[in-house]
>>> print(open('query_30.cif').read())   # mmCIF, C-alpha atoms and all ligand atoms
data_final
loop_
_atom_site.label_atom_id
_atom_site.label_comp_id
_atom_site.auth_asym_id
_atom_site.auth_seq_id
_atom_site.Cartn_x
_atom_site.Cartn_y
_atom_site.Cartn_z
CA MET K 1 0.82 -16.62 2.26
CA THR K 2 -0.32 -15.55 5.71
CA ARG K 3 -1.34 -12.23 7.26
CA LEU K 4 0.19 -11.68 10.69
CA LEU K 5 -1.23 -9.13 13.11
CA VAL K 6 1.74 -7.80 15.10
CA THR K 7 0.83 -5.67 18.12
CA GLY K 8 3.48 -3.21 19.28
CA GLY K 9 5.21 -3.46 15.88
CA ALA K 10 6.52 0.12 16.14
CA GLY K 11 8.40 -0.70 19.35
CA PHE K 12 11.90 -2.11 19.73
CA ILE K 13 11.43 -5.88 19.47
CA GLY K 14 8.19 -5.71 17.49
CA SER K 15 9.80 -3.64 14.71
CA ASN K 16 12.80 -5.99 14.60
CA PHE K 17 10.32 -8.87 14.21
CA VAL K 18 8.43 -7.12 11.40
CA HIS K 19 11.69 -6.52 9.49
CA HIS K 20 12.66 -10.17 10.08
CA VAL K 21 9.32 -11.48 8.79
CA ILE K 22 9.42 -9.26 5.69
CA ASP K 23 13.04 -10.26 4.95
CA HIS K 24 12.74 -14.00 5.60
CA THR K 25 9.15 -15.04 4.74
CA ASP K 26 6.35 -14.19 2.30
CA HIS K 27 3.91 -13.29 5.10
CA ASP K 28 2.21 -9.88 5.02
CA VAL K 29 2.01 -7.91 8.25
CA THR K 30 -0.53 -5.64 9.89
CA VAL K 31 0.89 -3.64 12.79
CA LEU K 32 -1.43 -2.38 15.54
CA ASP K 33 0.40 0.19 17.66
CA LYS K 34 -0.70 3.05 19.91
CA LEU K 35 2.55 4.97 19.26
CA THR K 36 3.15 5.70 22.93
CA TYR K 37 6.42 7.47 23.83
CA ALA K 38 8.09 4.08 23.09
CA GLY K 39 6.61 3.59 19.61
CA ASN K 40 8.19 5.06 16.50
CA ARG K 41 6.66 4.72 13.04
CA ALA K 42 10.11 5.41 11.54
CA SER K 43 11.31 2.04 12.87
CA LEU K 44 9.28 0.46 10.07
CA ASP K 45 10.65 2.71 7.30
CA GLY K 46 11.83 0.89 4.20
CA ILE K 47 9.24 -1.90 4.33
CA PRO K 48 7.30 -2.15 1.03
CA ALA K 49 3.76 -0.75 1.37
CA ASP K 50 2.24 -3.84 -0.27
CA ARG K 51 3.62 -6.03 2.57
CA LEU K 52 2.80 -3.81 5.57
CA SER K 53 -0.36 -2.16 6.80
CA PHE K 54 -0.09 0.14 9.83
CA VAL K 55 -3.02 0.78 12.18
CA HIS K 56 -2.64 3.45 14.84
CA GLY K 57 -4.74 2.14 17.74
CA ASP K 58 -4.92 0.71 21.23
CA ILE K 59 -5.00 -3.01 22.10
CA THR K 60 -7.59 -2.25 24.77
CA ASP K 61 -10.01 -0.98 22.06
CA VAL K 62 -12.38 -3.94 21.58
CA ALA K 63 -13.80 -2.81 18.21
CA VAL K 64 -10.40 -2.17 16.59
CA VAL K 65 -8.93 -5.39 17.97
CA ASP K 66 -11.93 -7.48 16.92
CA GLU K 67 -11.82 -6.28 13.31
CA LEU K 68 -8.06 -6.80 12.96
CA VAL K 69 -8.02 -10.23 14.62
CA ALA K 70 -10.88 -11.32 12.36
CA GLN K 71 -8.75 -10.47 9.30
CA ALA K 72 -5.55 -12.12 10.56
CA ASP K 73 -4.31 -15.71 10.24
CA ALA K 74 -2.21 -15.31 13.38
CA VAL K 75 -1.59 -12.72 16.11
CA VAL K 76 1.86 -12.06 17.58
CA HIS K 77 1.41 -9.92 20.68
CA TYR K 78 4.38 -7.66 21.54
CA ALA K 79 2.59 -4.46 22.65
CA ALA K 80 3.31 -3.64 26.28
CA GLU K 81 4.47 -1.02 28.69
CA SER K 82 7.98 -2.44 28.94
CA HIS K 83 10.20 -0.35 31.23
CA ASN K 84 10.71 -1.35 34.87
CA ASP K 85 11.76 2.15 35.97
CA ASN K 86 8.55 3.65 34.55
CA SER K 87 6.49 0.99 36.32
CA LEU K 88 7.98 2.08 39.65
CA HIS K 89 6.97 5.67 38.90
CA ASP K 90 3.41 5.03 37.58
CA PRO K 91 2.11 1.42 37.41
CA LYS K 92 -1.37 2.22 35.99
CA PRO K 93 -0.56 2.08 32.24
CA PHE K 94 1.11 -1.30 32.86
CA LEU K 95 -2.14 -2.73 34.20
CA ASP K 96 -4.18 -1.26 31.35
CA THR K 97 -1.97 -2.35 28.46
CA ASN K 98 -0.33 -5.50 29.78
CA ILE K 99 -3.36 -7.01 31.52
CA VAL K 100 -6.49 -5.52 29.92
CA GLY K 101 -4.83 -5.33 26.48
CA THR K 102 -3.87 -9.02 26.59
CA TYR K 103 -7.37 -9.93 27.78
CA THR K 104 -8.87 -7.96 24.87
CA LEU K 105 -6.69 -9.79 22.32
CA LEU K 106 -7.39 -13.21 23.88
CA GLU K 107 -11.15 -12.63 23.72
CA ALA K 108 -10.88 -11.70 20.04
CA ALA K 109 -8.69 -14.77 19.33
CA ARG K 110 -11.31 -16.88 21.09
CA ARG K 111 -14.21 -15.42 19.07
CA HIS K 112 -12.43 -15.89 15.74
CA GLY K 113 -10.45 -19.10 16.47
CA THR K 114 -7.22 -17.26 15.59
CA ARG K 115 -3.71 -18.64 16.31
CA TYR K 116 -2.11 -16.44 19.00
CA HIS K 117 1.51 -16.12 20.13
CA HIS K 118 2.22 -14.28 23.36
CA ILE K 119 5.54 -12.47 23.88
CA SER K 120 6.77 -12.40 27.46
CA THR K 121 9.86 -12.01 29.55
CA ASP K 122 12.14 -14.02 31.84
CA GLU K 123 11.38 -11.44 34.55
CA VAL K 124 8.17 -13.34 35.41
CA TYR K 125 10.42 -15.84 37.25
CA GLY K 126 11.89 -13.24 39.59
CA ASP K 127 15.65 -13.27 40.07
CA LEU K 128 18.50 -15.68 40.88
CA GLU K 129 21.45 -15.29 43.26
CA LEU K 130 24.73 -14.30 41.61
CA ASP K 131 26.42 -17.55 42.70
CA ASP K 132 23.46 -19.85 41.95
CA PRO K 133 24.32 -22.29 39.13
CA ALA K 134 20.60 -22.58 38.30
CA ARG K 135 18.97 -21.01 35.25
CA PHE K 136 15.28 -20.43 34.54
CA THR K 137 13.40 -23.25 32.80
CA GLU K 138 9.77 -23.60 31.66
CA SER K 139 8.92 -25.13 35.05
CA THR K 140 10.46 -22.41 37.27
CA PRO K 141 7.70 -21.01 39.54
CA TYR K 142 6.48 -17.48 38.79
CA ASN K 143 7.82 -14.92 41.29
CA PRO K 144 7.82 -11.45 39.68
CA SER K 145 9.35 -8.46 41.52
CA SER K 146 8.25 -5.21 39.83
CA PRO K 147 4.92 -3.74 38.71
CA TYR K 148 6.12 -4.36 35.12
CA SER K 149 7.05 -8.02 35.61
CA SER K 150 3.96 -8.75 37.71
CA THR K 151 1.68 -7.47 34.93
CA LYS K 152 3.61 -9.58 32.39
CA ALA K 153 3.22 -12.60 34.70
CA GLY K 154 -0.51 -11.85 34.97
CA SER K 155 -0.82 -11.67 31.20
CA ASP K 156 0.97 -15.03 30.77
CA LEU K 157 -1.46 -16.63 33.24
CA LEU K 158 -4.43 -15.23 31.31
CA VAL K 159 -3.07 -16.92 28.17
CA ARG K 160 -2.70 -20.25 29.97
CA ALA K 161 -6.25 -19.98 31.31
CA TRP K 162 -7.68 -19.09 27.88
CA VAL K 163 -5.95 -22.15 26.37
CA ARG K 164 -7.28 -24.49 29.00
CA SER K 165 -10.76 -23.02 29.53
CA PHE K 166 -11.64 -21.92 25.99
CA GLY K 167 -9.28 -23.86 23.71
CA VAL K 168 -7.52 -20.77 22.38
CA GLN K 169 -4.70 -21.87 20.03
CA ALA K 170 -1.90 -20.11 21.87
CA THR K 171 1.81 -20.44 22.58
CA ILE K 172 3.95 -18.35 24.97
CA SER K 173 7.62 -17.38 24.87
CA ASN K 174 9.65 -15.85 27.71
CA CYS K 175 12.82 -14.20 26.46
CA SER K 176 15.85 -12.69 28.18
CA ASN K 177 17.17 -9.11 27.75
CA ASN K 178 17.27 -7.97 24.12
CA TYR K 179 19.71 -5.58 22.49
CA GLY K 180 20.02 -4.31 18.92
CA PRO K 181 18.73 -1.52 16.66
CA TYR K 182 15.55 0.52 17.38
CA GLN K 183 15.72 0.15 21.19
CA HIS K 184 14.47 3.19 23.10
CA VAL K 185 17.19 5.30 24.76
CA GLU K 186 15.62 4.74 28.20
CA LYS K 187 16.98 1.16 28.19
CA PHE K 188 20.42 0.29 29.55
CA ILE K 189 22.54 -0.35 26.44
CA PRO K 190 21.18 2.43 24.16
CA ARG K 191 21.20 4.87 27.07
CA GLN K 192 24.91 4.35 27.64
CA ILE K 193 25.84 4.34 23.92
CA THR K 194 23.94 7.59 23.29
CA ASN K 195 25.38 9.10 26.48
CA VAL K 196 28.90 8.49 25.18
CA VAL K 197 27.96 9.95 21.77
CA ARG K 198 26.67 13.06 23.61
CA GLY K 199 29.72 13.32 25.91
CA ILE K 200 27.72 12.27 29.01
CA ARG K 201 29.27 9.69 31.35
CA PRO K 202 27.38 6.32 31.42
CA LYS K 203 25.24 5.70 34.52
CA LEU K 204 25.48 2.42 36.39
CA TYR K 205 22.78 1.58 38.96
CA GLY K 206 24.31 0.63 42.33
CA ALA K 207 27.48 -1.46 42.20
CA GLY K 208 26.67 -2.77 38.70
CA GLU K 209 26.91 -6.42 39.72
CA ASN K 210 23.43 -7.29 38.45
CA VAL K 211 23.55 -9.88 35.67
CA ARG K 212 21.42 -9.88 32.52
CA ASP K 213 21.36 -12.63 29.86
CA TRP K 214 21.70 -10.74 26.56
CA ILE K 215 20.24 -11.83 23.22
CA HIS K 216 20.22 -9.94 19.93
CA ALA K 217 16.68 -8.89 18.94
CA ASP K 218 17.04 -10.63 15.55
CA ASP K 219 17.64 -13.95 17.33
CA HIS K 220 14.50 -13.33 19.41
CA SER K 221 12.63 -12.80 16.11
CA SER K 222 13.84 -16.05 14.54
CA ALA K 223 12.86 -17.92 17.71
CA VAL K 224 9.34 -16.43 17.69
CA LEU K 225 8.87 -17.32 14.02
CA THR K 226 10.03 -20.88 14.78
CA ILE K 227 7.49 -21.20 17.63
CA LEU K 228 4.73 -19.71 15.49
CA GLU K 229 5.43 -22.24 12.74
CA ARG K 230 6.28 -25.37 14.74
CA GLY K 231 5.44 -24.76 18.42
CA ALA K 232 2.94 -27.04 20.18
CA ILE K 233 -0.31 -25.32 21.20
CA GLY K 234 -0.49 -24.59 24.93
CA GLU K 235 3.29 -24.79 25.35
CA THR K 236 5.72 -22.23 26.78
CA TYR K 237 9.24 -21.85 25.32
CA LEU K 238 12.13 -19.98 26.94
CA ILE K 239 14.31 -17.98 24.52
CA GLY K 240 17.93 -17.16 25.38
CA ALA K 241 21.39 -17.12 23.82
CA ASP K 242 23.73 -17.85 26.78
CA GLY K 243 24.73 -14.18 27.05
CA GLU K 244 25.17 -13.61 30.81
CA ARG K 245 27.15 -10.45 31.65
CA ASN K 246 27.01 -8.11 34.62
CA ASN K 247 26.14 -4.46 33.98
CA LYS K 248 29.64 -3.26 34.88
CA GLN K 249 31.15 -5.53 32.21
CA VAL K 250 28.70 -4.24 29.61
CA VAL K 251 29.38 -0.56 30.40
CA GLU K 252 33.13 -1.15 30.30
CA GLN K 253 32.83 -2.96 26.97
CA ILE K 254 30.74 -0.10 25.50
CA LEU K 255 33.32 2.44 26.65
CA GLU K 256 36.19 0.41 25.19
CA LEU K 257 34.42 -0.13 21.85
CA MET K 258 33.71 3.62 21.71
CA GLY K 259 37.35 4.56 22.34
CA GLN K 260 36.89 5.80 25.94
CA PRO K 261 38.66 4.79 29.19
CA ARG K 262 36.92 1.70 30.64
CA ASP K 263 36.31 3.48 33.98
CA ALA K 264 34.72 6.66 32.54
CA TYR K 265 31.27 6.02 34.08
CA ASP K 266 29.33 7.06 37.23
CA HIS K 267 27.56 4.96 39.86
CA VAL K 268 24.05 6.35 40.48
CA THR K 269 21.06 5.57 42.75
CA ASP K 270 20.09 1.91 42.47
CA ARG K 271 16.68 0.78 41.15
CA ALA K 272 14.18 -0.08 43.92
CA GLY K 273 13.82 -3.85 44.24
CA HIS K 274 16.49 -4.31 41.53
CA ASP K 275 16.52 -7.96 40.33
CA LEU K 276 19.99 -9.47 40.81
CA ARG K 277 20.36 -11.98 38.00
CA TYR K 278 18.40 -13.47 35.11
CA ALA K 279 19.60 -16.58 33.24
CA ILE K 280 17.74 -18.64 30.63
CA ASP K 281 18.01 -22.34 29.84
CA SER K 282 16.64 -22.50 26.29
CA SER K 283 17.30 -26.22 25.71
CA LYS K 284 13.60 -27.05 25.16
CA LEU K 285 13.35 -24.64 22.22
CA ARG K 286 16.67 -25.85 20.78
CA ALA K 287 15.97 -29.60 21.23
CA GLU K 288 12.28 -29.71 20.29
CA LEU K 289 12.11 -27.06 17.54
CA GLY K 290 15.74 -26.99 16.34
CA TRP K 291 16.28 -23.24 16.92
CA GLN K 292 19.78 -21.75 17.26
CA PRO K 293 20.84 -18.12 17.81
CA ARG K 294 22.90 -16.51 15.02
CA TYR K 295 24.61 -13.82 17.18
CA SER K 296 26.75 -16.08 19.37
CA ASP K 297 29.38 -13.32 19.87
CA PHE K 298 27.94 -10.63 22.19
CA ASP K 299 30.89 -8.26 21.66
CA ALA K 300 30.39 -8.32 17.87
CA GLY K 301 26.64 -7.74 18.29
CA LEU K 302 27.35 -4.87 20.69
CA ALA K 303 29.81 -3.29 18.24
CA ALA K 304 27.20 -3.50 15.45
CA THR K 305 24.60 -1.93 17.78
CA ILE K 306 26.98 0.94 18.61
CA GLU K 307 27.46 1.53 14.87
CA TRP K 308 23.68 1.57 14.37
CA TYR K 309 23.20 4.29 17.05
CA ARG K 310 26.08 6.33 15.62
CA ALA K 311 24.52 6.13 12.14
CA ASN K 312 20.94 6.82 13.25
CA GLU K 313 21.17 9.84 15.54
CA ALA K 314 18.06 11.37 13.93
CA TRP K 315 16.07 8.31 15.07
CA TRP K 316 16.98 8.65 18.78
CA THR K 317 17.64 12.39 19.28
CA PRO K 318 13.95 13.37 19.75
CA ALA K 319 13.65 11.11 22.83
CA LYS K 320 17.06 11.68 24.42
CA ASP K 321 16.66 14.94 26.35
CA ALA K 322 13.31 14.06 27.94
CA THR K 323 14.63 10.62 28.92
CA GLU K 324 17.71 12.07 30.62
CA ALA K 325 15.62 14.75 32.37
CA PHE K 326 13.39 12.01 33.81
CA TYR K 327 16.39 10.04 35.07
CA ALA K 328 18.05 13.16 36.48
CA SER K 329 14.89 13.92 38.52
CA LYS K 330 15.41 10.55 40.27
CA GLY K 331 19.15 10.85 40.79
CA GLN K 332 19.83 8.29 38.06
P1 LIG Q 1 8.86 -1.15 23.65
O1 LIG Q 1 8.46 -0.37 24.84
O2 LIG Q 1 10.08 -0.77 22.88
O3 LIG Q 1 7.65 -1.18 22.61
C1 LIG Q 1 6.32 -1.36 22.99
C2 LIG Q 1 5.43 -0.98 21.81
O4 LIG Q 1 4.06 -1.24 22.19
C3 LIG Q 1 5.51 0.48 21.41
O5 LIG Q 1 5.58 0.61 20.00
C4 LIG Q 1 4.21 1.09 21.96
O6 LIG Q 1 3.75 2.20 21.21
C5 LIG Q 1 3.28 -0.10 21.85
N1 LIG Q 1 2.14 -0.02 22.79
C6 LIG Q 1 2.20 0.26 24.12
N2 LIG Q 1 0.96 0.27 24.65
C7 LIG Q 1 0.11 -0.03 23.63
C8 LIG Q 1 -1.30 -0.18 23.55
N3 LIG Q 1 -2.09 -0.02 24.62
N4 LIG Q 1 -1.85 -0.49 22.36
C9 LIG Q 1 -1.06 -0.66 21.24
N5 LIG Q 1 0.27 -0.51 21.27
C10 LIG Q 1 0.85 -0.21 22.44
O7 LIG Q 1 8.96 -2.67 24.15
P2 LIG Q 1 9.95 -3.84 23.72
O8 LIG Q 1 11.18 -3.75 24.53
O9 LIG Q 1 10.01 -3.89 22.25
O10 LIG Q 1 9.13 -5.10 24.25
C11 LIG Q 1 8.17 -5.73 23.41
C12 LIG Q 1 7.63 -6.95 24.11
O11 LIG Q 1 8.69 -7.86 24.38
C13 LIG Q 1 6.96 -6.67 25.44
O12 LIG Q 1 5.82 -7.51 25.56
C14 LIG Q 1 8.02 -7.03 26.48
O13 LIG Q 1 7.43 -7.42 27.68
C15 LIG Q 1 8.68 -8.20 25.77
N6 LIG Q 1 10.09 -8.46 26.16
C16 LIG Q 1 11.02 -7.45 26.10
C17 LIG Q 1 12.35 -7.74 26.39
C18 LIG Q 1 13.41 -6.66 26.30
O14 LIG Q 1 14.58 -6.94 26.57
N7 LIG Q 1 13.11 -5.44 25.89
C19 LIG Q 1 12.72 -9.03 26.77
C20 LIG Q 1 11.73 -10.03 26.83
C21 LIG Q 1 10.43 -9.73 26.51
O1 LIG Q 2 20.91 3.68 33.18
C1 LIG Q 2 20.79 2.50 33.55
N1 LIG Q 2 21.78 1.97 34.33
C2 LIG Q 2 21.73 0.68 34.77
O2 LIG Q 2 22.65 0.23 35.47
C3 LIG Q 2 19.67 1.68 33.16
C4 LIG Q 2 18.56 2.24 32.30
C5 LIG Q 2 19.64 0.38 33.60
N2 LIG Q 2 20.63 -0.12 34.39
C6 LIG Q 2 20.60 -1.54 34.79
C7 LIG Q 2 19.29 -2.06 35.33
C8 LIG Q 2 19.32 -3.51 34.88
O3 LIG Q 2 20.06 -4.30 35.80
O4 LIG Q 2 20.83 -2.28 33.58
C9 LIG Q 2 20.06 -3.49 33.56
C10 LIG Q 2 19.16 -3.47 32.34
O5 LIG Q 2 18.18 -2.47 32.56
P1 LIG Q 2 16.96 -2.23 31.53
O6 LIG Q 2 17.50 -1.95 30.18
O7 LIG Q 2 16.04 -1.25 32.14
O8 LIG Q 2 16.32 -3.70 31.42
P2 LIG Q 2 15.66 -4.70 32.52
O9 LIG Q 2 15.11 -3.96 33.68
O10 LIG Q 2 16.65 -5.79 32.76
O11 LIG Q 2 14.42 -5.24 31.64
C11 LIG Q 2 14.56 -5.53 30.23
O12 LIG Q 2 14.67 -6.91 30.00
C12 LIG Q 2 13.52 -7.68 30.24
C13 LIG Q 2 13.40 -4.95 29.44
O13 LIG Q 2 13.30 -3.55 29.66
C14 LIG Q 2 12.11 -5.65 29.80
O14 LIG Q 2 11.05 -5.17 28.98
C15 LIG Q 2 12.29 -7.12 29.57
O15 LIG Q 2 11.15 -7.81 29.99
#
>>> encode(input="query_30.cif", output="structure tokens", more="lines below")
Ligand code: NAD
Ligand code: TDX
Amino acid sequence: MTRLLVTGGAGFIGSNFVHHVIDHTDHDVTVLDKLTYAGNRASLDGIPADRLSFVHGDITDVAVVDELVAQADAVVHYAAESHNDNSLHDPKPFLDTNIVGTYTLLEAARRHGTRYHHISTDEVYGDLELDDPARFTESTPYNPSSPYSSTKAGSDLLVRAWVRSFGVQATISNCSNNYGPYQHVEKFIPRQITNVVRGIRPKLYGAGENVRDWIHADDHSSAVLTILERGAIGETYLIGADGERNNKQVVEQILELMGQPRDAYDHVTDRAGHDLRYAIDSSKLRAELGWQPRYSDFDAGLAATIEWYRANEAWWTPAKDATEAFYASKGQ
């Protein structure tokens, strides 16, 4: 049995990973989470207390991080400031958490010789043209666009340097856009689902032609566990499930699944510097480590996600009004 330290385990993808680990392995988990606006302790409800220990703290706090890394067999680092729109409004927390926080964890992993897995995003590669047949691979050059993605790119490069310079036992994964339960209502899919529940028309940035490559969060979790168990030290693996859709298609599908006319949405002010298209080629992960996604049908996964938000209004209601007020102040 192994003790995993999961940073950001009260966030969207981190909490999905903790549930996945508890359900599918005999590992115990320690979560380190600052409980920012994006963290929610209730996302970990139902996990037996003898399998989960929760520490409320900051990944930039050297003393807290050192003690927890010393006790762990492996670190899986999810904690981040994760929302592009927020990074356009105030980049500073992105530098603190994404850069200094990652540095703090890497130094602790170096001191204690601890296995470290770094969670990152396909956004580090920038964007692709809509008509470009190419997809991102592990050798695509870094070219991030936003304050968020540039700090994620910076954190990835720190990991690579700590592997090469100090022999830290690390792997990196860059995943495409996740959807599923426990995602904050600021993000595209939960924002539109909860808008429809509230009788608010969904909001599409610009023309809605931007393409995202959707993967269910549970498939991201199984991929990370696979890399943690069988990944080669120093390697990067791209995670994706061949789920390219443009935003207009996704909004229309949400409206149809929720019994509304497919055109019952508004176009709003576009995001500054809005990346056009992301697309992941995950053949390295599939060929070398034998991973496969379980949610191959995006529409079925979306329908299940809609049901989850309908059934868990108490989970998302506290964040909804403030989130919409923030968007309204920017014409979005
Ligand atoms: P999220 O915003 O839902 O959750 C982030 C969590 O980190 C929250 O619980 C928050 O409280 C915590 N946190 C923030 N700052 C912290 C700090 N200084 N110390 C400790 N905890 C802190 O984010 P998410 O969407 O779950 O993303 C998780 C990770 O996955 C991030 O590293 C993100 O870059 C990466 N990622 C996300 C996606 C996606 O589609 N959402 C895709 C690929 C990669
Ligand atoms: O109301 C909206 N209307 C809209 O059209 C919102 C919130 C978003 N959008 C668009 C912008 C994007 O093209 O939808 C797309 C998805 O937006 P987000 O959910 O904000 O995700 P994105 O910017 O693509 O980034 C996400 O995937 C990669 C995560 O938030 C990142 O953490 C991850 O790295």
>>> residues_around(input="query_30.cif", residues="K:Thr104", least_positions_apart="4", cutoff="9 Å", atoms="only C-alpha atoms", output="list of chain:residue names")
K:Ile59, K:Thr60, K:Asp61, K:Val62, K:Val65, K:Asp66, K:Ile99, K:Val100, K:Ala108, K:Ala109
>>> residues_near_ligand(input="query_30.cif", ligand="ligand LIG 1 (chain Q)", cutoff="6 Å", atoms="only C-alpha atoms and all ligand atoms", output="PyMOL selection string")
chain K and resi 8-14+32-36+38-39+57-60+78-82+97+119-121+175-178+183-184
>>> atom_distance(input="query_30.cif", atom1="atom CA of K:Ser150", atom2="atom O12 of ligand LIG 2 (chain Q)")
13.3 Å
>>> closest_atom_pairs(input="query_30.cif", of="chain K", to="ligand LIG 2 (chain Q)", cutoff="9 Å", atoms="only C-alpha atoms and all ligand atoms", output="JSON lines")
{"residue": "K:Ala80", "atom": "CA", "partner": "Q:LIG2", "partner_atom": "O14", "distance": 8.3}
{"residue": "K:Glu81", "atom": "CA", "partner": "Q:LIG2", "partner_atom": "O14", "distance": 7.8}
{"residue": "K:Ser82", "atom": "CA", "partner": "Q:LIG2", "partner_atom": "O14", "distance": 4.1}
{"residue": "K:His83", "atom": "CA", "partner": "Q:LIG2", "partner_atom": "O13", "distance": 4.7}
{"residue": "K:Asn84", "atom": "CA", "partner": "Q:LIG2", "partner_atom": "O9", "distance": 5.3}
{"residue": "K:Asp85", "atom": "CA", "partner": "Q:LIG2", "partner_atom": "O7", "distance": 6.7}
{"residue": "K:Ser120", "atom": "CA", "partner": "Q:LIG2", "partner_atom": "O15", "distance": 6.8}
{"residue": "K:Thr121", "atom": "CA", "partner": "Q:LIG2", "partner_atom": "O15", "distance": 4.4}
{"residue": "K:Asp122", "atom": "CA", "partner": "Q:LIG2", "partner_atom": "O15", "distance": 6.6}
{"residue": "K:Glu123", "atom": "CA", "partner": "Q:LIG2", "partner_atom": "O15", "distance": 5.8}
{"residue": "K:Val124", "atom": "CA", "partner": "Q:LIG2", "partner_atom": "O15", "distance": 8.3}
{"residue": "K:Tyr148", "atom": "CA", "partner": "Q:LIG2", "partner_atom": "O14", "distance": 7.9}
{"residue": "K:Ser149", "atom": "CA", "partner": "Q:LIG2", "partner_atom": "O15", "distance": 7.0}
{"residue": "K:Lys152", "atom": "CA", "partner": "Q:LIG2", "partner_atom": "O15", "distance": 8.1}
{"residue": "K:Asn174", "atom": "CA", "partner": "Q:LIG2", "partner_atom": "O15", "distance": 8.5}
{"residue": "K:Cys175", "atom": "CA", "partner": "Q:LIG2", "partner_atom": "O15", "distance": 7.5}
{"residue": "K:Ser176", "atom": "CA", "partner": "Q:LIG2", "partner_atom": "C12", "distance": 5.9}
{"residue": "K:Asn177", "atom": "CA", "partner": "Q:LIG2", "partner_atom": "O12", "distance": 4.0}
{"residue": "K:Asn178", "atom": "CA", "partner": "Q:LIG2", "partner_atom": "O12", "distance": 6.5}
{"residue": "K:Tyr179", "atom": "CA", "partner": "Q:LIG2", "partner_atom": "O6", "distance": 8.8}
{"residue": "K:Val185", "atom": "CA", "partner": "Q:LIG2", "partner_atom": "C4", "distance": 8.3}
{"residue": "K:Glu186", "atom": "CA", "partner": "Q:LIG2", "partner_atom": "C4", "distance": 5.6}
{"residue": "K:Lys187", "atom": "CA", "partner": "Q:LIG2", "partner_atom": "O6", "distance": 3.7}
{"residue": "K:Phe188", "atom": "CA", "partner": "Q:LIG2", "partner_atom": "O6", "distance": 3.7}
{"residue": "K:Ile189", "atom": "CA", "partner": "Q:LIG2", "partner_atom": "O6", "distance": 6.5}
{"residue": "K:Pro190", "atom": "CA", "partner": "Q:LIG2", "partner_atom": "O6", "distance": 8.3}
{"residue": "K:Arg191", "atom": "CA", "partner": "Q:LIG2", "partner_atom": "O1", "distance": 6.2}
{"residue": "K:Gln192", "atom": "CA", "partner": "Q:LIG2", "partner_atom": "O1", "distance": 6.9}
{"residue": "K:Pro202", "atom": "CA", "partner": "Q:LIG2", "partner_atom": "O1", "distance": 7.2}
{"residue": "K:Lys203", "atom": "CA", "partner": "Q:LIG2", "partner_atom": "O1", "distance": 5.0}
{"residue": "K:Leu204", "atom": "CA", "partner": "Q:LIG2", "partner_atom": "O2", "distance": 3.7}
{"residue": "K:Tyr205", "atom": "CA", "partner": "Q:LIG2", "partner_atom": "O2", "distance": 3.7}
{"residue": "K:Gly206", "atom": "CA", "partner": "Q:LIG2", "partner_atom": "O2", "distance": 7.1}
{"residue": "K:Ala207", "atom": "CA", "partner": "Q:LIG2", "partner_atom": "O2", "distance": 8.5}
{"residue": "K:Gly208", "atom": "CA", "partner": "Q:LIG2", "partner_atom": "O2", "distance": 6.0}
{"residue": "K:Glu209", "atom": "CA", "partner": "Q:LIG2", "partner_atom": "O3", "distance": 8.2}
{"residue": "K:Asn210", "atom": "CA", "partner": "Q:LIG2", "partner_atom": "O3", "distance": 5.2}
{"residue": "K:Val211", "atom": "CA", "partner": "Q:LIG2", "partner_atom": "O3", "distance": 6.6}
{"residue": "K:Arg212", "atom": "CA", "partner": "Q:LIG2", "partner_atom": "O10", "distance": 6.3}
{"residue": "K:Asp213", "atom": "CA", "partner": "Q:LIG2", "partner_atom": "O10", "distance": 8.8}
{"residue": "K:Trp214", "atom": "CA", "partner": "Q:LIG2", "partner_atom": "O12", "distance": 8.7}
{"residue": "K:Asn246", "atom": "CA", "partner": "Q:LIG2", "partner_atom": "O3", "distance": 8.0}
{"residue": "K:Asn247", "atom": "CA", "partner": "Q:LIG2", "partner_atom": "O4", "distance": 5.8}
{"residue": "K:Lys248", "atom": "CA", "partner": "Q:LIG2", "partner_atom": "O2", "distance": 7.8}
{"residue": "K:Val251", "atom": "CA", "partner": "Q:LIG2", "partner_atom": "O2", "distance": 8.5}
{"residue": "K:His267", "atom": "CA", "partner": "Q:LIG2", "partner_atom": "O2", "distance": 8.1}
{"residue": "K:Val268", "atom": "CA", "partner": "Q:LIG2", "partner_atom": "N1", "distance": 7.9}
{"residue": "K:Asp270", "atom": "CA", "partner": "Q:LIG2", "partner_atom": "O2", "distance": 7.6}
{"residue": "K:Arg271", "atom": "CA", "partner": "Q:LIG2", "partner_atom": "C7", "distance": 7.0}
{"residue": "K:His274", "atom": "CA", "partner": "Q:LIG2", "partner_atom": "O3", "distance": 6.8}
{"residue": "K:Asp275", "atom": "CA", "partner": "Q:LIG2", "partner_atom": "O3", "distance": 6.8}
{"residue": "K:Leu276", "atom": "CA", "partner": "Q:LIG2", "partner_atom": "O3", "distance": 7.2}
{"residue": "K:Arg277", "atom": "CA", "partner": "Q:LIG2", "partner_atom": "O3", "distance": 8.0}
{"residue": "K:Tyr278", "atom": "CA", "partner": "Q:LIG2", "partner_atom": "O10", "distance": 8.2}
{"residue": "K:Tyr327", "atom": "CA", "partner": "Q:LIG2", "partner_atom": "O1", "distance": 8.0}
{"residue": "K:Gln332", "atom": "CA", "partner": "Q:LIG2", "partner_atom": "O1", "distance": 6.8}
>>> residues_around(input="query_30.cif", residues="K:Arg310", least_positions_apart="4", cutoff="9 Å", atoms="all atoms listed in the file", output="ChimeraX atom specification")
/K:193-194,197,305-306
>>> closest_residue(input="query_30.cif", among="K:Ala70, K:Leu106, K:Leu5, K:Leu255", to="K:Ala170", atoms="only C-alpha atoms")
K:Leu106
